[in-house]
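S.K.: Please see the structure below; I have some questions.
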Amino acid sequence: MIVATDDERVRDVVLSFGGKVRLTERQHRNGTERLAEVARDLTCDLVVNVQGDEPLIDPLAIDLALTPFADEPTLCMSTLRTPISNPHDLRDSNVVKVVVDRDDFALYFSRAPIPHTATAHPGGDAVGACKHIGLYVYRRDFLLRFAELEPTPLERAERLEQLRALEHGYRIKVLETSHDPIGVDTPEDLERVRQIMSAGASQ
């Protein structure tokens, strides 16, 4: 595992516990470009991107995201989803939603409630609504191409870089998991994660 960051404070913390870290350029527009900078010096076939705002990701979820690459030689990118059980999450723009086709390939990602019928009746079931989990697996050669692609209109509108792949015609496999980690998007999320990690450390 390598931590990629442009912040010397993060680098120093990683080095303090013996981790591997790469201090990257500061001008990257997103995490994909930062990841690609590190990947250029790697010789692996697959690159797993565990984002810093997903500190509670389950290692088994990472394994799941890796599984389709063994049987799908043309697959270039995968990620994860989990059914939404909390109606509040549907309306929360920090919770990214995803809809998929019958083969589990992404149709669209959005910060808005999708599919629309999931919220057509207040208090009704969120049929088909899934939360996107911010973990990605890329084939290394695709990652390097992806980072060089021009940003796209939907990517800019939603502030979701994975839409760049869809708008350029690439397919993203989105595997379903029951694992539902807390993404850190707000100070309240950070406090919840701190409490969970403190409780785990004390057991």
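Ordering of the structure tokens sets the chain letters (A, B, ...); residue numbers start at 1 within each chain; ligands are numbered from 1 in the order shown.
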Per residue of stretch 23-86 of chain A within 12 Å of stretch 171-195 of chain A, record the nearest atom pair and its distance in Å to one decimal, counting only C-alpha atoms, with rows in chain order and ascending residue number, as JSON lines.
M.R.:
{"residue": "A:Val50", "atom": "CA", "partner": "A:Gly183", "partner_atom": "CA", "distance": 11.5}
{"residue": "A:Gln51", "atom": "CA", "partner": "A:Gly183", "partner_atom": "CA", "distance": 9.4}
{"residue": "A:Gly52", "atom": "CA", "partner": "A:Val184", "partner_atom": "CA", "distance": 8.5}
{"residue": "A:Asp53", "atom": "CA", "partner": "A:Val184", "partner_atom": "CA", "distance": 4.9}
{"residue": "A:Glu54", "atom": "CA", "partner": "A:Gly183", "partner_atom": "CA", "distance": 5.0}
{"residue": "A:Pro55", "atom": "CA", "partner": "A:Gly183", "partner_atom": "CA", "distance": 7.6}
{"residue": "A:Leu56", "atom": "CA", "partner": "A:Pro181", "partner_atom": "CA", "distance": 5.7}
{"residue": "A:Ile57", "atom": "CA", "partner": "A:Pro181", "partner_atom": "CA", "distance": 5.8}
{"residue": "A:Asp58", "atom": "CA", "partner": "A:His179", "partner_atom": "CA", "distance": 7.3}
{"residue": "A:Pro59", "atom": "CA", "partner": "A:His179", "partner_atom": "CA", "distance": 10.3}
{"residue": "A:Leu60", "atom": "CA", "partner": "A:His179", "partner_atom": "CA", "distance": 9.0}
{"residue": "A:Ala61", "atom": "CA", "partner": "A:His179", "partner_atom": "CA", "distance": 7.1}
{"residue": "A:Ile62", "atom": "CA", "partner": "A:Thr177", "partner_atom": "CA", "distance": 10.4}
{"residue": "A:Asp63", "atom": "CA", "partner": "A:Leu175", "partner_atom": "CA", "distance": 11.0}
{"residue": "A:Leu64", "atom": "CA", "partner": "A:Leu175", "partner_atom": "CA", "distance": 7.4}
{"residue": "A:Ala65", "atom": "CA", "partner": "A:Leu175", "partner_atom": "CA", "distance": 6.6}
{"residue": "A:Leu66", "atom": "CA", "partner": "A:Leu175", "partner_atom": "CA", "distance": 9.8}
{"residue": "A:Thr67", "atom": "CA", "partner": "A:Leu175", "partner_atom": "CA", "distance": 9.4}
{"residue": "A:Pro68", "atom": "CA", "partner": "A:Lys173", "partner_atom": "CA", "distance": 8.1}
{"residue": "A:Phe69", "atom": "CA", "partner": "A:Lys173", "partner_atom": "CA", "distance": 9.7}
{"residue": "A:Glu72", "atom": "CA", "partner": "A:Lys173", "partner_atom": "CA", "distance": 10.2}
{"residue": "A:Thr74", "atom": "CA", "partner": "A:Arg171", "partner_atom": "CA", "distance": 9.7}
{"residue": "A:Leu75", "atom": "CA", "partner": "A:Arg171", "partner_atom": "CA", "distance": 7.6}
{"residue": "A:Cys76", "atom": "CA", "partner": "A:Ile172", "partner_atom": "CA", "distance": 7.3}
{"residue": "A:Met77", "atom": "CA", "partner": "A:Ile172", "partner_atom": "CA", "distance": 5.2}
{"residue": "A:Ser78", "atom": "CA", "partner": "A:Lys173", "partner_atom": "CA", "distance": 4.5}
{"residue": "A:Thr79", "atom": "CA", "partner": "A:Val174", "partner_atom": "CA", "distance": 4.9}
{"residue": "A:Leu80", "atom": "CA", "partner": "A:Leu175", "partner_atom": "CA", "distance": 4.8}
{"residue": "A:Arg81", "atom": "CA", "partner": "A:Glu176", "partner_atom": "CA", "distance": 4.9}
{"residue": "A:Thr82", "atom": "CA", "partner": "A:Thr177", "partner_atom": "CA", "distance": 5.3}
{"residue": "A:Pro83", "atom": "CA", "partner": "A:Ser178", "partner_atom": "CA", "distance": 7.4}
{"residue": "A:Ile84", "atom": "CA", "partner": "A:Asp180", "partner_atom": "CA", "distance": 9.0}
{"residue": "A:Ser85", "atom": "CA", "partner": "A:Asp180", "partner_atom": "CA", "distance": 10.0}
{"residue": "A:Asn86", "atom": "CA", "partner": "A:Asp180", "partner_atom": "CA", "distance": 11.2}
S.K.: For stretch 147-202 of chain A versus stretch 16-30 of chain A, which residues have an atom no more than 10 Å away, and what is each residue's nearest atom pair and distance in Å rounded to one decimal, using only C-alpha atoms, chain-then-number order, as a tab-separated table?
M.R.:
residue	atom	partner	partner_atom	distance
A:Ala147	CA	A:Asn30	CA	9.2
A:Pro151	CA	A:Arg29	CA	9.9
A:Leu160	CA	A:Asn30	CA	9.7
A:Glu161	CA	A:Asn30	CA	7.7
S.K.: Can you tell me how far atom CA of A:Arg11 sits from atom CA of A:Met197, in Å to one decimal?
M.R.: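 Spanning atom CA of A:Arg11 to atom CA of A:Met197 is a straight-line distance of 21.1 Å.
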S.K.: List every residue of stretch 154-202 of chain A that DSSP, applied to the backbone, labels as alpha helix (DSSP H), and write the result as JSON, numbers by chain.
M.R.: {"A": [154, 155, 156, 157, 158, 162, 163, 164, 165, 166, 167, 187, 188, 189, 190, 191, 192, 193, 194, 195, 196, 197, 198, 199, 200, 201, 202]}
S.K.: If I take atom CA of A:Glu33 and atom CA of A:Phe109, how far is one from the other in Å, to one decimal?
M.R.: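 Distance between the two atoms: 19.5 Å.
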